Amino acid sequence: MEGSNKETIVFVIDKGEGVSEITAKLKEQGLIKNQLSFKVWVVVAGIAKKIKAGSYYLSRSMTTPEIASILTKGAADRWLTIVEGLRAEQIGELLIKEGFAINPENWEKEIETNKLEGQLFPDSYLFPKSSTQAAILKIIRKNFQKKVIDGLKNELTASGKNQDFVLTLASLVEREAKTPQDRALVAGILLKRLENDWPLQVDATVQYAVASQKCSILKNQALLILKSPCDWWPRELTAGDLQIKSTYNTYIYHGLPPGPICNPGLSSIKAVLSPTQSPYWYYLSDKNGVIHYAKTDKEQSDNKEKYLK
């Protein structure tokens, strides 16, 4: 035996960790006595590549074969990564796909009731396999509080902007720009447009409005029921789409939309709190996702002719 202590320890293997790193952590937590012998054992047994990321319940009384066997049979918890820029419905779909007991109708009702769009913070999470919807949202909201509300407290205060404003604008920036530099520039342009009562004319808001209309049906005048699969971000917008009667359509309504259109990451939130001032009033993304900026309507028209035809 490796030891006589039967007390259970939660042992976490992070994504991407190799045998050497895992073995070192096992030794550090007193779960094995000899790193080399454990490493040799799993290599000889042919299970080194079968060890999975996640959290496990181990004890110091377990033998090397027992520990190795548990690490290859599946974790007590499951890793799930929420990437930046997803709508709440997409996150619900992801959770369902990964095997969590999420009811789409209840998920959307919870998001809408508590206005959680924009607060489902993109990150890698370790959820117990048996997690309920409430437990999952509690973990995500706790992380949002830590990384955004507490982590950016000074920046939020210094900006003079309220949370709803920051998250809503950051959600637009998230869908429009892909690099920190572009996000800061786009945030500066959108803020300048708001301050001068220009329409934002953000395609992503139209995508949001179109998808909301096409992918969901209205029930009881409040609840949207998910229909899947669905194209939540339609790329090819028509002239008719740009005239869609929705308060999220920033082509026909001035100011910010009523709320976030997706869940932005830290980079986009920081871009809104610390935007780059520039002489630009316009921007567009070419077919490769590269953003081109313009100072005048003429320059923007030239860019459209050059990069979008």
# chains A, B, ... in the order shown; residues from 1 in each chain; ligands from 1
$ select_by_dssp --residues "stretch 64-187 of chain A" --states "helix (DSSP H, G or I)" --output "JSON, numbers by chain"
{"A": [64, 65, 66, 67, 68, 69, 70, 71, 72, 88, 89, 90, 91, 92, 93, 94, 95, 96, 97, 104, 105, 106, 107, 108, 109, 110, 111, 112, 113, 133, 134, 135, 136, 137, 138, 139, 140, 141, 142, 143, 144, 145, 146, 147, 148, 149, 150, 153, 154, 155, 156, 157, 158, 159, 163, 164, 165, 166, 167, 168, 169, 170, 171, 172, 173, 174, 175, 176, 180, 181, 182, 183, 184, 185, 186, 187]}
$ select_by_dssp --residues "stretch 55-288 of chain A" --states "strand (DSSP E)" --output "MDAnalysis selection string"
chainID A and resid 55:59 77:81 124:128 216:219 223:226 282:285
$ residues_around --residues "A:Cys230" --least-positions-apart "3" --cutoff "12 Å" --atoms "only C-alpha atoms" --output "ChimeraX atom specification"
/A:87,89-90,93,210-216,226-227,233-234
$ write_last_selection --atoms "N, CA and C atoms" --output "short mmCIF file (atom, residue, chain, number, x, y, z; two decimals), in the first residue's frame"
data_model
loop_
_atom_site.label_atom_id
_atom_site.label_comp_id
_atom_site.auth_asym_id
_atom_site.auth_seq_id
_atom_site.Cartn_x
_atom_site.Cartn_y
_atom_site.Cartn_z
N ARG A 87 -24.24 32.91 -27.62
CA ARG A 87 -25.52 33.27 -27.03
C ARG A 87 -25.83 32.27 -25.92
N GLU A 89 -28.44 30.52 -25.58
CA GLU A 89 -29.02 29.31 -26.16
C GLU A 89 -27.93 28.34 -26.62
N GLN A 90 -26.86 28.89 -27.17
CA GLN A 90 -25.75 28.04 -27.62
C GLN A 90 -25.07 27.36 -26.45
N GLU A 93 -27.20 24.51 -25.45
CA GLU A 93 -27.00 23.40 -26.39
C GLU A 93 -25.72 22.65 -26.08
N VAL A 210 -32.40 38.53 -36.14
CA VAL A 210 -32.89 37.59 -37.15
C VAL A 210 -32.95 36.17 -36.59
N ALA A 211 -31.89 35.76 -35.91
CA ALA A 211 -31.85 34.40 -35.35
C ALA A 211 -32.91 34.22 -34.26
N SER A 212 -33.09 35.25 -33.44
CA SER A 212 -34.10 35.17 -32.38
C SER A 212 -35.48 34.95 -32.97
N GLN A 213 -35.72 35.59 -34.09
CA GLN A 213 -37.03 35.48 -34.74
C GLN A 213 -37.18 34.15 -35.45
N LYS A 214 -36.15 33.71 -36.12
CA LYS A 214 -36.25 32.49 -36.91
C LYS A 214 -36.08 31.21 -36.09
N CYS A 215 -35.26 31.26 -35.05
CA CYS A 215 -34.89 30.05 -34.32
C CYS A 215 -35.77 29.77 -33.10
N SER A 216 -36.61 30.69 -32.75
CA SER A 216 -37.43 30.51 -31.55
C SER A 216 -38.87 30.88 -31.84
N LEU A 226 -36.42 26.69 -27.49
CA LEU A 226 -35.33 26.41 -28.41
C LEU A 226 -35.72 25.39 -29.48
N LYS A 227 -35.43 25.72 -30.73
CA LYS A 227 -35.53 24.76 -31.82
C LYS A 227 -34.11 24.50 -32.31
N TRP A 233 -26.02 32.67 -35.77
CA TRP A 233 -25.31 33.85 -36.28
C TRP A 233 -25.28 33.82 -37.80
N PRO A 234 -26.41 34.07 -38.46
CA PRO A 234 -26.47 34.03 -39.93
C PRO A 234 -25.54 35.07 -40.55
#
$ residues_around --residues "stretch 56-58 of chain A" --least-positions-apart "4" --cutoff "9 Å" --atoms "only C-alpha atoms" --output "PyMOL selection string"
chain A and resi 6-13+31+62+67+70-71+74-77
$ write_last_selection --atoms "C-alpha atoms" --output "PDB file, in the first residue's frame"
ATOM      1  CA  LYS A   6      -8.317   6.367   3.823  1.00  0.00           C
ATOM      2  CA  GLU A   7      -9.418  10.012   3.853  1.00  0.00           C
ATOM      3  CA  THR A   8     -10.750  11.042   0.440  1.00  0.00           C
ATOM      4  CA  ILE A   9      -8.860  13.737  -1.449  1.00  0.00           C
ATOM      5  CA  VAL A  10     -10.160  15.592  -4.502  1.00  0.00           C
ATOM      6  CA  PHE A  11      -7.435  15.330  -7.128  1.00  0.00           C
ATOM      7  CA  VAL A  12      -7.765  17.556 -10.221  1.00  0.00           C
ATOM      8  CA  ILE A  13      -6.110  16.933 -13.594  1.00  0.00           C
ATOM      9  CA  LEU A  31      -0.987  10.154  -2.938  1.00  0.00           C
ATOM     10  CA  MET A  62      -4.713   3.380  -2.576  1.00  0.00           C
ATOM     11  CA  ILE A  67      -4.955   5.144  -8.582  1.00  0.00           C
ATOM     12  CA  ILE A  70      -9.327   5.378 -11.468  1.00  0.00           C
ATOM     13  CA  LEU A  71      -7.556   8.046 -13.527  1.00  0.00           C
ATOM     14  CA  GLY A  74     -13.459   8.763 -16.090  1.00  0.00           C
ATOM     15  CA  ALA A  75     -13.565  11.725 -13.778  1.00  0.00           C
ATOM     16  CA  ALA A  76     -16.088  12.511 -11.076  1.00  0.00           C
ATOM     17  CA  ASP A  77     -16.404  15.924 -12.716  1.00  0.00           C
TER      18      ASP A  77
END
$ residues_around --residues "stretch 150-160 of chain A" --least-positions-apart "3" --cutoff "12 Å" --atoms "only C-alpha atoms" --output "JSON, numbers by chain"
{"A": [142, 143, 144, 145, 146, 147, 163, 164, 165, 166, 167, 266, 267, 269, 270, 271, 272, 273, 274, 275]}
$ residues_around --residues "A:Val42" --least-positions-apart "6" --cutoff "12 Å" --atoms "only C-alpha atoms" --output "count of residues only"
19
$ residues_around --residues "A:Lys138" --least-positions-apart "6" --cutoff "12 Å" --atoms "only C-alpha atoms" --output "PyMOL selection string"
chain A and resi 110+116+119-121+125+127+131-132+144-145
$ write_last_selection --atoms "C-alpha atoms" --output "compact mmCIF listing (two decimals), in the first residue's frame"
# COMPACT_ATOMS: atom_id res chain seq x y z
CA GLU A 110 -33.93 31.11 -16.19
CA LEU A 116 -28.11 36.41 -17.39
CA GLN A 119 -22.99 37.12 -17.57
CA LEU A 120 -22.36 33.51 -18.61
CA PHE A 121 -18.65 34.16 -18.43
CA TYR A 125 -15.29 24.93 -15.99
CA PHE A 127 -18.79 20.62 -13.39
CA SER A 131 -24.86 18.96 -11.87
CA THR A 132 -28.33 20.46 -12.06
CA PHE A 144 -18.32 36.01 -13.31
CA GLN A 145 -18.37 37.76 -9.94
